[in-house]
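What follows is the content of final13.cif (mmCIF, C-alpha atoms and all ligand atoms).
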data_structure
loop_
_atom_site.label_atom_id
_atom_site.label_comp_id
_atom_site.auth_asym_id
_atom_site.auth_seq_id
_atom_site.Cartn_x
_atom_site.Cartn_y
_atom_site.Cartn_z
CA MET A 1 0.69 -4.45 0.04
CA ALA A 2 -1.95 -3.19 2.47
CA ARG A 3 -0.92 -3.03 6.12
CA LEU A 4 -3.14 -3.01 9.16
CA ILE A 5 -3.35 0.23 11.10
CA LYS A 6 -6.24 -0.60 13.44
CA ASN A 7 -9.50 -2.57 13.18
CA ASN A 8 -10.87 -1.75 9.71
CA VAL A 9 -8.21 0.82 8.81
CA HIS A 10 -5.37 -0.16 6.47
CA TRP A 11 -2.37 1.64 5.01
CA VAL A 12 -2.56 1.45 1.21
CA GLY A 13 0.22 3.87 0.22
CA LYS A 14 3.55 3.58 -1.55
CA VAL A 15 7.04 3.27 -0.07
CA ASP A 16 9.42 5.22 -2.30
CA TRP A 17 12.82 3.79 -1.38
CA GLU A 18 14.58 5.51 -4.29
CA LEU A 19 13.63 9.15 -3.79
CA ARG A 20 16.63 11.39 -3.07
CA MET A 21 15.23 14.80 -4.06
CA PHE A 22 11.71 16.09 -3.46
CA HIS A 23 9.78 19.22 -4.49
CA GLY A 24 11.69 19.21 -7.76
CA ASP A 25 15.29 19.44 -6.58
CA GLU A 26 14.50 21.63 -3.58
CA LEU A 27 14.57 19.11 -0.77
CA SER A 28 17.00 16.27 -0.14
CA THR A 29 15.46 13.00 1.04
CA HIS A 30 18.43 10.88 2.14
CA TYR A 31 16.16 8.05 3.25
CA GLY A 32 13.44 8.19 0.57
CA THR A 33 9.85 8.74 1.62
CA ASN A 34 6.42 7.16 1.96
CA TYR A 35 3.26 8.47 0.31
CA ASN A 36 0.76 7.26 2.86
CA ALA A 37 -2.85 6.59 1.89
CA TYR A 38 -5.41 4.94 4.13
CA LEU A 39 -8.47 2.80 3.50
CA ILE A 40 -11.30 2.68 6.05
CA ARG A 41 -13.91 -0.05 5.67
CA GLU A 42 -16.90 0.37 7.91
CA GLU A 43 -20.46 0.44 6.53
CA LYS A 44 -18.97 2.97 4.15
CA THR A 45 -15.62 2.47 2.45
CA VAL A 46 -13.49 5.60 2.47
CA LEU A 47 -10.08 6.26 0.96
CA ILE A 48 -7.94 9.00 2.51
CA ASP A 49 -5.45 10.45 -0.02
CA THR A 50 -3.54 8.67 -2.78
CA VAL A 51 0.12 8.68 -3.92
CA TRP A 52 2.45 10.63 -6.23
CA SER A 53 1.58 10.28 -9.91
CA PRO A 54 4.54 8.07 -11.04
CA PHE A 55 3.10 5.35 -8.81
CA THR A 56 -0.51 5.61 -10.02
CA GLU A 57 -0.63 2.28 -11.83
CA GLU A 58 0.99 0.39 -8.96
CA PHE A 59 -1.27 2.12 -6.43
CA LEU A 60 -4.46 1.28 -8.31
CA ARG A 61 -3.35 -2.32 -8.85
CA GLU A 62 -2.60 -2.86 -5.18
CA LEU A 63 -5.71 -0.98 -4.07
CA SER A 64 -7.88 -3.19 -6.27
CA GLN A 65 -6.33 -6.25 -4.62
CA THR A 66 -7.43 -4.87 -1.24
CA VAL A 67 -10.89 -3.55 -2.10
CA ASP A 68 -13.32 -3.53 -5.00
CA ILE A 69 -12.71 0.00 -6.22
CA GLN A 70 -16.36 0.27 -7.27
CA LYS A 71 -17.24 -0.10 -3.59
CA ILE A 72 -15.37 3.02 -2.52
CA ASP A 73 -18.08 5.34 -1.19
CA ALA A 74 -15.99 8.45 -0.62
CA ILE A 75 -12.52 9.88 -1.10
CA VAL A 76 -11.04 12.30 1.43
CA VAL A 77 -8.38 14.65 0.09
CA ASN A 78 -6.61 16.09 3.09
CA HIS A 79 -4.18 18.02 0.89
CA ALA A 80 -4.12 18.69 -2.84
CA GLU A 81 -0.36 18.63 -3.41
CA ILE A 82 0.54 16.21 -6.16
CA ASP A 83 2.47 13.78 -3.94
CA HIS A 84 -0.90 12.88 -2.37
CA THR A 85 -3.27 13.40 -5.29
CA GLY A 86 -1.19 12.04 -8.15
CA ALA A 87 -3.39 8.98 -8.62
CA LEU A 88 -6.68 10.80 -8.12
CA LYS A 89 -7.55 11.46 -11.77
CA ASP A 90 -7.13 7.82 -12.83
CA LEU A 91 -8.94 6.60 -9.72
CA ILE A 92 -11.94 8.91 -10.15
CA ALA A 93 -12.13 7.91 -13.83
CA LEU A 94 -13.08 4.46 -12.50
CA ILE A 95 -15.71 5.84 -10.07
CA PRO A 96 -16.69 9.21 -11.57
CA HIS A 97 -19.55 9.98 -9.19
CA VAL A 98 -17.62 9.33 -5.98
CA PRO A 99 -17.88 12.24 -3.52
CA VAL A 100 -14.57 13.98 -2.85
CA TYR A 101 -14.34 15.53 0.62
CA CYS A 102 -11.88 18.40 0.94
CA THR A 103 -11.76 21.99 2.14
CA HIS A 104 -13.09 24.88 0.07
CA ASN A 105 -9.49 25.77 -0.74
CA GLY A 106 -8.99 22.12 -1.61
CA VAL A 107 -11.64 22.42 -4.33
CA LYS A 108 -9.74 25.39 -5.80
CA SER A 109 -6.38 23.56 -5.64
CA LEU A 110 -7.77 20.34 -7.12
CA LYS A 111 -9.50 22.21 -9.94
CA GLY A 112 -6.26 24.11 -10.53
CA HIS A 113 -4.29 20.89 -10.75
CA PHE A 114 -6.65 18.62 -12.62
CA HIS A 115 -9.21 20.91 -14.33
CA GLN A 116 -11.99 18.47 -13.47
CA ASP A 117 -15.43 19.12 -12.05
CA TRP A 118 -15.55 16.20 -9.68
CA ASN A 119 -18.30 15.57 -7.12
CA PHE A 120 -16.73 17.89 -4.57
CA LYS A 121 -18.08 17.99 -1.02
CA PRO A 122 -16.34 20.97 0.56
CA VAL A 123 -16.10 20.79 4.36
CA ARG A 124 -15.21 23.00 7.28
CA THR A 125 -13.87 22.27 10.75
CA GLY A 126 -16.40 20.26 12.73
CA ASP A 127 -18.19 18.82 9.70
CA THR A 128 -18.54 15.06 9.90
CA LEU A 129 -19.17 12.11 7.63
CA ASP A 130 -21.03 9.17 9.15
CA ILE A 131 -19.30 5.97 7.99
CA GLY A 132 -21.46 3.53 9.96
CA HIS A 133 -20.84 1.14 12.86
CA GLY A 134 -21.10 4.20 15.12
CA LYS A 135 -18.03 5.85 13.61
CA LYS A 136 -17.59 9.23 11.98
CA LEU A 137 -14.92 11.12 10.15
CA MET A 138 -14.52 14.63 11.54
CA PHE A 139 -12.76 17.23 9.42
CA ILE A 140 -10.41 19.85 10.90
CA GLU A 141 -9.13 22.59 8.61
CA ALA A 142 -5.38 23.03 8.98
CA ALA A 143 -4.53 25.85 6.61
CA MET A 144 -0.80 26.23 5.83
CA LEU A 145 0.10 22.82 7.18
CA HIS A 146 1.26 22.68 4.45
CA TRP A 147 -0.92 24.62 1.96
CA PRO A 148 -4.05 26.76 2.38
CA ASP A 149 -6.14 23.73 1.42
CA THR A 150 -4.80 21.36 4.06
CA MET A 151 -7.07 19.63 6.57
CA PHE A 152 -6.80 16.86 9.12
CA THR A 153 -9.34 14.03 9.32
CA TYR A 154 -10.16 12.41 12.64
CA LEU A 155 -11.72 8.95 12.90
CA THR A 156 -13.94 8.59 15.96
CA GLY A 157 -14.04 5.27 17.74
CA ASP A 158 -10.56 4.31 16.55
CA ASN A 159 -9.21 7.71 17.66
CA ILE A 160 -6.91 8.18 14.69
CA LEU A 161 -5.80 11.60 13.46
CA PHE A 162 -4.89 11.58 9.77
CA SER A 163 -2.65 14.62 9.78
CA THR A 164 -1.45 14.79 6.16
CA ASP A 165 1.95 16.57 5.92
CA ALA A 166 2.09 17.58 9.59
CA PHE A 167 3.98 15.09 11.77
CA GLY A 168 5.44 13.45 8.65
CA GLN A 169 9.02 12.54 7.88
CA HIS A 170 10.72 11.87 4.58
CA LEU A 171 11.65 8.35 5.51
CA ALA A 172 10.90 5.26 3.46
CA THR A 173 9.71 2.49 5.74
CA ASP A 174 7.43 -0.49 5.45
CA LEU A 175 7.44 -0.91 9.22
CA VAL A 176 4.46 1.48 9.50
CA TRP A 177 5.14 2.56 13.09
CA ALA A 178 7.64 5.11 14.35
CA ASP A 179 8.50 2.95 17.36
CA LEU A 180 9.85 0.29 14.98
CA VAL A 181 12.12 2.68 13.08
CA ASP A 182 15.75 3.49 13.98
CA PRO A 183 15.13 6.37 16.44
CA TRP A 184 18.21 8.37 15.39
CA ILE A 185 17.08 8.49 11.78
CA LEU A 186 13.43 8.99 12.75
CA TRP A 187 13.92 12.07 14.92
CA GLU A 188 16.60 13.52 12.65
CA GLU A 189 14.24 13.26 9.67
CA ASP A 190 11.29 14.49 11.73
CA MET A 191 13.17 17.67 12.60
CA LYS A 192 14.56 18.12 9.09
CA TYR A 193 11.03 17.83 7.69
CA TYR A 194 9.71 20.40 10.17
CA ALA A 195 12.61 22.81 9.62
CA ASN A 196 12.49 22.66 5.83
CA ILE A 197 8.73 22.33 5.17
CA ILE A 198 6.60 23.27 8.16
CA ALA A 199 8.70 25.93 9.93
CA PRO A 200 7.46 28.91 7.87
CA TRP A 201 4.01 28.22 9.29
CA GLY A 202 5.01 27.93 12.96
CA LYS A 203 2.22 30.24 14.15
CA SER A 204 -0.36 28.06 12.40
CA VAL A 205 1.21 24.95 13.94
CA ASP A 206 1.04 26.40 17.43
CA ALA A 207 -2.57 27.53 16.93
CA LYS A 208 -3.59 24.14 15.52
CA LEU A 209 -2.03 22.25 18.42
CA LYS A 210 -3.90 24.50 20.86
CA GLU A 211 -7.12 23.96 18.89
CA LEU A 212 -6.65 20.19 19.05
CA LYS A 213 -6.32 20.45 22.84
CA THR A 214 -9.51 22.51 22.97
CA LEU A 215 -11.35 19.89 20.91
CA SER A 216 -10.31 17.29 23.54
CA LEU A 217 -10.24 14.49 20.99
CA PRO A 218 -8.66 11.30 22.28
CA ILE A 219 -5.79 10.62 19.87
CA ASP A 220 -4.38 7.10 19.99
CA MET A 221 -2.57 7.34 16.66
CA ILE A 222 -1.34 10.04 14.32
CA CYS A 223 -1.11 8.85 10.73
CA PRO A 224 0.65 11.41 8.52
CA SER A 225 1.06 11.34 4.76
CA HIS A 226 4.82 10.73 4.82
CA GLY A 227 7.01 8.33 6.76
CA ALA A 228 6.07 6.40 9.88
CA CYS A 229 2.87 6.68 11.96
CA TRP A 230 2.87 7.54 15.64
CA ARG A 231 1.16 5.44 18.31
CA GLY A 232 1.20 5.10 22.10
CA ALA A 233 3.76 7.25 23.88
CA ASP A 234 5.01 8.58 20.56
CA VAL A 235 1.75 10.53 20.03
CA PRO A 236 2.30 13.07 22.84
CA LYS A 237 6.03 13.07 22.11
CA ALA A 238 5.48 14.00 18.45
CA MET A 239 3.06 16.75 19.51
CA GLU A 240 5.45 18.06 22.18
CA LYS A 241 8.22 18.26 19.57
CA TYR A 242 5.99 20.29 17.25
CA THR A 243 4.99 22.60 20.11
CA ALA A 244 8.65 23.22 20.94
CA TRP A 245 9.68 23.65 17.31
CA ALA A 246 6.86 26.12 16.65
CA ASN A 247 8.00 28.37 19.50
CA MET A 248 11.39 29.95 18.72
CA TYR A 249 13.16 26.62 19.03
CA GLN A 250 16.87 26.59 19.74
CA GLU A 251 19.56 24.40 21.29
CA ASN A 252 22.94 25.39 22.68
CA ARG A 253 24.46 25.37 19.21
CA VAL A 254 26.04 27.86 16.83
CA ALA A 255 26.12 27.36 13.07
CA ILE A 256 28.98 28.91 11.13
CA VAL A 257 28.20 28.86 7.42
CA TYR A 258 30.39 30.28 4.70
CA ASP A 259 31.78 29.98 1.23
CA THR A 260 35.34 30.75 0.25
CA ILE A 261 37.37 31.39 -2.91
CA TRP A 262 40.99 30.71 -1.92
CA GLY A 263 40.44 29.57 1.65
CA GLY A 264 40.79 32.80 3.63
CA THR A 265 37.15 32.93 4.73
CA ARG A 266 37.32 29.22 5.61
CA VAL A 267 40.24 29.98 7.94
CA MET A 268 38.23 32.78 9.53
CA ALA A 269 35.27 30.43 10.05
CA GLU A 270 37.41 27.83 11.76
CA GLU A 271 39.25 30.34 13.97
CA ILE A 272 36.00 32.01 15.04
CA ALA A 273 34.72 28.53 15.93
CA LYS A 274 37.86 28.00 18.00
CA GLY A 275 37.20 31.23 19.89
CA ILE A 276 33.60 30.25 20.62
CA ARG A 277 34.69 26.88 21.98
CA LEU A 278 37.40 28.46 24.13
CA ALA A 279 34.84 30.80 25.68
CA ASP A 280 32.08 28.17 26.05
CA PRO A 281 33.24 24.54 25.81
CA LYS A 282 29.65 23.31 26.09
CA VAL A 283 28.30 25.02 22.98
CA VAL A 284 28.11 22.83 19.88
CA VAL A 285 29.67 24.66 16.93
CA ASN A 286 29.16 23.37 13.41
CA VAL A 287 31.20 24.81 10.55
CA MET A 288 29.68 24.26 7.10
CA ASN A 289 30.83 25.28 3.64
CA LEU A 290 27.61 26.21 1.85
CA ALA A 291 28.94 25.26 -1.57
CA LYS A 292 29.79 21.75 -0.40
CA SER A 293 26.96 21.01 2.02
CA ASP A 294 23.40 19.77 1.57
CA LYS A 295 21.34 22.95 1.89
CA ASN A 296 18.50 21.23 3.73
CA ASP A 297 20.87 19.73 6.29
CA VAL A 298 22.38 23.19 6.75
CA ALA A 299 18.90 24.66 7.23
CA THR A 300 18.14 22.02 9.86
CA GLU A 301 21.35 22.88 11.70
CA VAL A 302 20.50 26.59 11.64
CA PHE A 303 17.00 25.75 12.90
CA ARG A 304 18.55 23.97 15.90
CA SER A 305 21.06 26.73 16.61
CA LYS A 306 20.71 29.86 18.70
CA ALA A 307 22.97 31.82 16.37
CA VAL A 308 24.35 31.72 12.87
CA LEU A 309 27.53 33.38 11.62
CA VAL A 310 27.52 33.90 7.86
CA GLY A 311 30.76 34.29 5.97
CA SER A 312 31.70 35.24 2.43
CA PRO A 313 34.58 36.97 0.73
CA SER A 314 33.66 40.05 -1.29
CA HIS A 315 33.36 39.05 -4.94
CA ASN A 316 32.28 41.46 -7.68
CA LYS A 317 31.03 43.77 -4.88
CA CYS A 318 28.75 41.02 -3.54
CA ALA A 319 28.74 37.85 -1.43
CA LEU A 320 29.26 34.53 -3.20
CA SER A 321 26.17 33.09 -4.85
CA SER A 322 25.96 30.05 -2.55
CA VAL A 323 25.73 32.43 0.43
CA GLY A 324 23.10 34.52 -1.37
CA ALA A 325 21.07 31.37 -2.03
CA PHE A 326 21.38 30.33 1.61
CA LEU A 327 20.02 33.68 2.79
CA GLU A 328 17.11 33.42 0.36
CA GLU A 329 16.39 29.99 1.82
CA MET A 330 16.50 31.49 5.33
CA ARG A 331 14.11 34.25 4.28
CA GLY A 332 11.58 31.66 3.16
CA LEU A 333 11.94 29.38 6.17
CA SER A 334 11.41 32.33 8.57
CA PHE A 335 13.22 30.85 11.57
CA LYS A 336 12.55 32.94 14.66
CA GLY A 337 14.84 34.17 17.41
CA LYS A 338 18.19 33.62 15.70
CA LYS A 339 21.16 35.88 16.45
CA SER A 340 23.73 36.45 13.78
CA ALA A 341 26.65 38.39 12.29
CA ALA A 342 28.72 38.32 9.11
CA PHE A 343 32.40 37.77 8.42
CA GLY A 344 34.72 37.33 5.48
CA CYS A 345 37.90 38.27 3.65
CA TYR A 346 38.23 41.01 1.07
CA GLY A 347 40.93 42.43 -1.18
CA TRP A 348 40.01 46.06 -1.81
CA SER A 349 36.51 47.47 -1.25
CA GLY A 350 34.94 44.70 0.94
CA GLU A 351 31.20 45.08 0.30
CA ALA A 352 30.08 41.55 1.19
CA GLN A 353 30.00 41.86 4.95
CA LYS A 354 27.70 44.89 5.02
CA ARG A 355 25.44 43.31 2.40
CA LEU A 356 25.23 40.14 4.47
CA ASN A 357 24.43 42.00 7.69
CA ASP A 358 21.78 44.08 5.90
CA THR A 359 20.20 40.93 4.50
CA LEU A 360 20.34 39.15 7.85
CA ARG A 361 18.46 42.06 9.44
CA ASP A 362 16.01 42.14 6.57
CA ILE A 363 15.11 38.47 6.97
CA GLY A 364 14.49 38.90 10.69
CA PHE A 365 17.68 37.68 12.32
CA GLU A 366 19.09 39.81 15.14
CA VAL A 367 22.51 41.07 14.03
CA VAL A 368 24.41 41.36 17.31
CA ASP A 369 27.35 43.32 15.90
CA GLU A 370 28.95 44.21 12.58
CA GLY A 371 30.99 41.00 12.56
CA ILE A 372 34.56 40.80 11.39
CA LYS A 373 36.28 41.23 8.06
CA ASN A 374 39.87 40.77 7.04
CA LEU A 375 41.97 42.39 4.30
CA TRP A 376 43.55 39.70 2.08
CA GLU A 377 44.56 36.36 3.57
CA PRO A 378 44.45 35.93 7.36
CA ASP A 379 47.89 36.21 9.01
CA ALA A 380 48.77 35.40 12.63
CA GLY A 381 47.28 38.69 13.80
CA ALA A 382 44.05 38.12 11.88
CA ILE A 383 43.77 34.62 13.28
CA GLU A 384 44.09 36.02 16.78
CA ARG A 385 41.41 38.63 15.99
CA CYS A 386 39.06 35.89 14.75
CA ILE A 387 39.57 33.86 17.92
CA GLU A 388 38.87 36.94 20.02
CA TYR A 389 35.84 37.72 17.90
CA GLY A 390 34.47 34.21 18.52
CA LYS A 391 34.98 34.65 22.27
CA GLN A 392 33.12 37.95 22.39
CA PHE A 393 30.37 36.79 19.98
CA ILE A 394 29.32 33.93 22.24
CA GLY A 395 29.04 36.43 25.08
CA LYS A 396 26.40 38.35 23.12
CA ILE A 397 24.02 35.50 22.36
FE1 LIG A 401 3.41 15.98 1.09
FE2 LIG A 401 2.52 19.30 0.92
O1 LIG A 401 2.68 17.53 0.33
#
Write out the structure in this file as structure tokens.
Ligand code: FEO
Amino acid sequence: MARLIKNNVHWVGKVDWELRMFHGDELSTHYGTNYNAYLIREEKTVLIDTVWSPFTEEFLRELSQTVDIQKIDAIVVNHAEIDHTGALKDLIALIPHVPVYCTHNGVKSLKGHFHQDWNFKPVRTGDTLDIGHGKKLMFIEAAMLHWPDTMFTYLTGDNILFSTDAFGQHLATDLVWADLVDPWILWEEDMKYYANIIAPWGKSVDAKLKELKTLSLPIDMICPSHGACWRGADVPKAMEKYTAWANMYQENRVAIVYDTIWGGTRVMAEEIAKGIRLADPKVVVNVMNLAKSDKNDVATEVFRSKAVLVGSPSHNKCALSSVGAFLEEMRGLSFKGKKSAAFGCYGWSGEAQKRLNDTLRDIGFEVVDEGIKNLWEPDAGAIERCIEYGKQFIGKI
């Protein structure tokens, strides 16, 4: 059902209450998601984005109850990823000559996805589309937020920034507005989304926010492609959060992540945590078993933390596979300014710790020391060493 955004702008997307994994099985979505699409009806009727392909039929049915599809004058594709373009092929089949506004990279992505030669109208930053009643759509390229093709669309007069993936959250809601959503879930999901999707492109985020300031566009609302929309005081707040997150974000937290075979490395993790807390009672320490934890929640916790300790026993001359996968995830997410070290138990040759430290350095974390390893199961002496290690580690970060 269409929902009013402002004046002649309506939300015409899909609330996906069921979704629990996104991007294949790469991203957990504990609260589902929205695929937000927007319909603008001035002298011209313009649709911004569509929905994921499983919801094509439902989307087209509901859209046709809101507007005569034959009267759509233009489609804006802010981002070619399939969660926003899934219904495009069936929609354009109904209006084959409709102009499709997207970036030059958008043309490449859309052709790559759909192998169609639609009526593309490639745009660059500053290009506008006059939609009548004194209003225009202005296009702002936003490469890497989230793909090279991405752009924002700004509606003059109503002062709405359609920001596609940026400023989104994976949060199913039919309340439309962020200020109506449970704030704990909202901000938690906002940060998780940034940490797991946007963070690798932090430099682009920072540059885009600065560019938006330079453009001096009045922004009353930010309408992203996922989750709730921002209005009023939430607009600067959402932008301030992105500015902070894009600039070596950290809180007074330490993440201790590990996997264990028979429990020895778990004991080390917990005793190191004890040492950190003894030395600095104010620091928040989270201890997470990588094999038992949601990897995206772990990534969010690391994003928030100023340091991460990574633990694994040596196993077949390597670290455990869950720890290897975690480090590969960290490599991709490219968090900046994190301090780190490795720890773990071993029985004979003990290769894991050096491999972990080497990998941590390689992915750009600052390894503050060589960490701590323990031969066989931790005894009372080893426990004491772990506590002391935790105390001295917190002094180095
Ligand atoms: Fe929500 Fe990059 O697509």
What residues have any atom no more than 10 Å from ligand LIG 401 (chain A) when counting only C-alpha atoms and all ligand atoms, and can you list them as a short mmCIF file (atom, residue, chain, number, x, y, z; two decimals) with C-alpha atoms, keeping the file's coordinate frame?
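The result, written out as pocket-v4.cif:
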data_model
loop_
_atom_site.label_atom_id
_atom_site.label_comp_id
_atom_site.auth_asym_id
_atom_site.auth_seq_id
_atom_site.Cartn_x
_atom_site.Cartn_y
_atom_site.Cartn_z
CA PHE A 22 11.71 16.09 -3.46
CA HIS A 23 9.78 19.22 -4.49
CA THR A 33 9.85 8.74 1.62
CA ASN A 34 6.42 7.16 1.96
CA TYR A 35 3.26 8.47 0.31
CA ASN A 36 0.76 7.26 2.86
CA VAL A 51 0.12 8.68 -3.92
CA TRP A 52 2.45 10.63 -6.23
CA ASN A 78 -6.61 16.09 3.09
CA HIS A 79 -4.18 18.02 0.89
CA ALA A 80 -4.12 18.69 -2.84
CA GLU A 81 -0.36 18.63 -3.41
CA ILE A 82 0.54 16.21 -6.16
CA ASP A 83 2.47 13.78 -3.94
CA HIS A 84 -0.90 12.88 -2.37
CA THR A 85 -3.27 13.40 -5.29
CA MET A 144 -0.80 26.23 5.83
CA LEU A 145 0.10 22.82 7.18
CA HIS A 146 1.26 22.68 4.45
CA TRP A 147 -0.92 24.62 1.96
CA ASP A 149 -6.14 23.73 1.42
CA THR A 150 -4.80 21.36 4.06
CA THR A 164 -1.45 14.79 6.16
CA ASP A 165 1.95 16.57 5.92
CA ALA A 166 2.09 17.58 9.59
CA GLY A 168 5.44 13.45 8.65
CA GLN A 169 9.02 12.54 7.88
CA HIS A 170 10.72 11.87 4.58
CA ILE A 197 8.73 22.33 5.17
CA ILE A 198 6.60 23.27 8.16
CA PRO A 224 0.65 11.41 8.52
CA SER A 225 1.06 11.34 4.76
CA HIS A 226 4.82 10.73 4.82
#
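Interatomic distance, atom CA of Arg3 of chain A against atom CA of Thr128 of chain A: 25.5 Å.
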How far is it from atom CA of Ile140 of chain A to atom CA of Thr125 of chain A, in Å with one decimal?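 So the two atoms, atom CA of Ile140 of chain A and atom CA of Thr125 of chain A, lie 4.2 Å apart.
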For Gly157 of chain A: contacts at 10 Å, all atoms listed in the file, fewer than 4 positions along chain excluded, given as a ChimeraX atom specification: /A:133-137,218
Got a sec: who's within 10 Å of Ile131 of chain A, counting only C-alpha atoms, leaving out chain neighbours fewer than 4 positions off, as a ChimeraX atom specification? /A:40-46,73-74,135-137,155-156
Would you export the selected residues with C-alpha atoms as a PDB file, in the frame of the given file, please?
ATOM      1  CA  ILE A  40     -11.300   2.680   6.050  1.00  0.00           C
ATOM      2  CA  ARG A  41     -13.910  -0.050   5.670  1.00  0.00           C
ATOM      3  CA  GLU A  42     -16.900   0.370   7.910  1.00  0.00           C
ATOM      4  CA  GLU A  43     -20.460   0.440   6.530  1.00  0.00           C
ATOM      5  CA  LYS A  44     -18.970   2.970   4.150  1.00  0.00           C
ATOM      6  CA  THR A  45     -15.620   2.470   2.450  1.00  0.00           C
ATOM      7  CA  VAL A  46     -13.490   5.600   2.470  1.00  0.00           C
ATOM      8  CA  ASP A  73     -18.080   5.340  -1.190  1.00  0.00           C
ATOM      9  CA  ALA A  74     -15.990   8.450  -0.620  1.00  0.00           C
ATOM     10  CA  LYS A 135     -18.030   5.850  13.610  1.00  0.00           C
ATOM     11  CA  LYS A 136     -17.590   9.230  11.980  1.00  0.00           C
ATOM     12  CA  LEU A 137     -14.920  11.120  10.150  1.00  0.00           C
ATOM     13  CA  LEU A 155     -11.720   8.950  12.900  1.00  0.00           C
ATOM     14  CA  THR A 156     -13.940   8.590  15.960  1.00  0.00           C
TER      15      THR A 156
END
Atom CA of Tyr101 of chain A to atom CA of Met138 of chain A: how many Å, to one decimal?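 Atom CA of Met138 of chain A lies at a distance of 11.0 Å from atom CA of Tyr101 of chain A.
Counting all atoms listed in the file, the residue from A:Val367, A:Val310, A:Ala246, A:Leu171 that sits nearest to Glu18 of chain A is A:Leu171.
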Using N, CA and C atoms, give me segment 380-394 of chain A from the structure I just pasted, as an mmCIF file, in the first residue's frame.
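As a result, part_18.cif now contains:
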data_model
loop_
_atom_site.group_PDB
_atom_site.id
_atom_site.type_symbol
_atom_site.label_atom_id
_atom_site.label_comp_id
_atom_site.auth_asym_id
_atom_site.auth_seq_id
_atom_site.Cartn_x
_atom_site.Cartn_y
_atom_site.Cartn_z
ATOM 1 N N ALA A 380 47.030 -22.783 36.489
ATOM 2 C CA ALA A 380 46.910 -21.563 37.312
ATOM 3 C C ALA A 380 47.926 -20.512 36.888
ATOM 4 N N GLY A 381 49.131 -20.959 36.535
ATOM 5 C CA GLY A 381 50.162 -20.008 36.111
ATOM 6 C C GLY A 381 49.791 -19.337 34.796
ATOM 7 N N ALA A 382 49.255 -20.153 33.866
ATOM 8 C CA ALA A 382 48.866 -19.592 32.561
ATOM 9 C C ALA A 382 47.726 -18.596 32.727
ATOM 10 N N ILE A 383 46.796 -18.937 33.611
ATOM 11 C CA ILE A 383 45.676 -18.019 33.857
ATOM 12 C C ILE A 383 46.198 -16.684 34.373
ATOM 13 N N GLU A 384 47.146 -16.749 35.273
ATOM 14 C CA GLU A 384 47.733 -15.513 35.803
ATOM 15 C C GLU A 384 48.427 -14.733 34.685
ATOM 16 N N ARG A 385 49.117 -15.449 33.797
ATOM 17 C CA ARG A 385 49.812 -14.771 32.684
ATOM 18 C C ARG A 385 48.805 -14.090 31.752
ATOM 19 N N CYS A 386 47.659 -14.760 31.539
ATOM 20 C CA CYS A 386 46.632 -14.158 30.667
ATOM 21 C C CYS A 386 46.065 -12.888 31.302
ATOM 22 N N ILE A 387 45.822 -12.942 32.604
ATOM 23 C CA ILE A 387 45.301 -11.747 33.289
ATOM 24 C C ILE A 387 46.322 -10.615 33.172
ATOM 25 N N GLU A 388 47.577 -10.934 33.400
ATOM 26 C CA GLU A 388 48.621 -9.903 33.290
ATOM 27 C C GLU A 388 48.729 -9.386 31.863
ATOM 28 N N TYR A 389 48.562 -10.306 30.908
ATOM 29 C CA TYR A 389 48.624 -9.871 29.508
ATOM 30 C C TYR A 389 47.499 -8.870 29.208
ATOM 31 N N GLY A 390 46.286 -9.193 29.692
ATOM 32 C CA GLY A 390 45.155 -8.281 29.487
ATOM 33 C C GLY A 390 45.443 -6.909 30.080
ATOM 34 N N LYS A 391 46.030 -6.897 31.266
ATOM 35 C CA LYS A 391 46.343 -5.614 31.931
ATOM 36 C C LYS A 391 47.320 -4.790 31.101
ATOM 37 N N GLN A 392 48.355 -5.450 30.586
ATOM 38 C CA GLN A 392 49.357 -4.677 29.839
ATOM 39 C C GLN A 392 48.866 -4.334 28.427
ATOM 40 N N PHE A 393 47.983 -5.188 27.863
ATOM 41 C CA PHE A 393 47.452 -4.893 26.515
ATOM 42 C C PHE A 393 46.654 -3.599 26.514
ATOM 43 N N ILE A 394 45.816 -3.434 27.529
ATOM 44 C CA ILE A 394 44.965 -2.231 27.549
ATOM 45 C C ILE A 394 45.816 -0.978 27.697
#
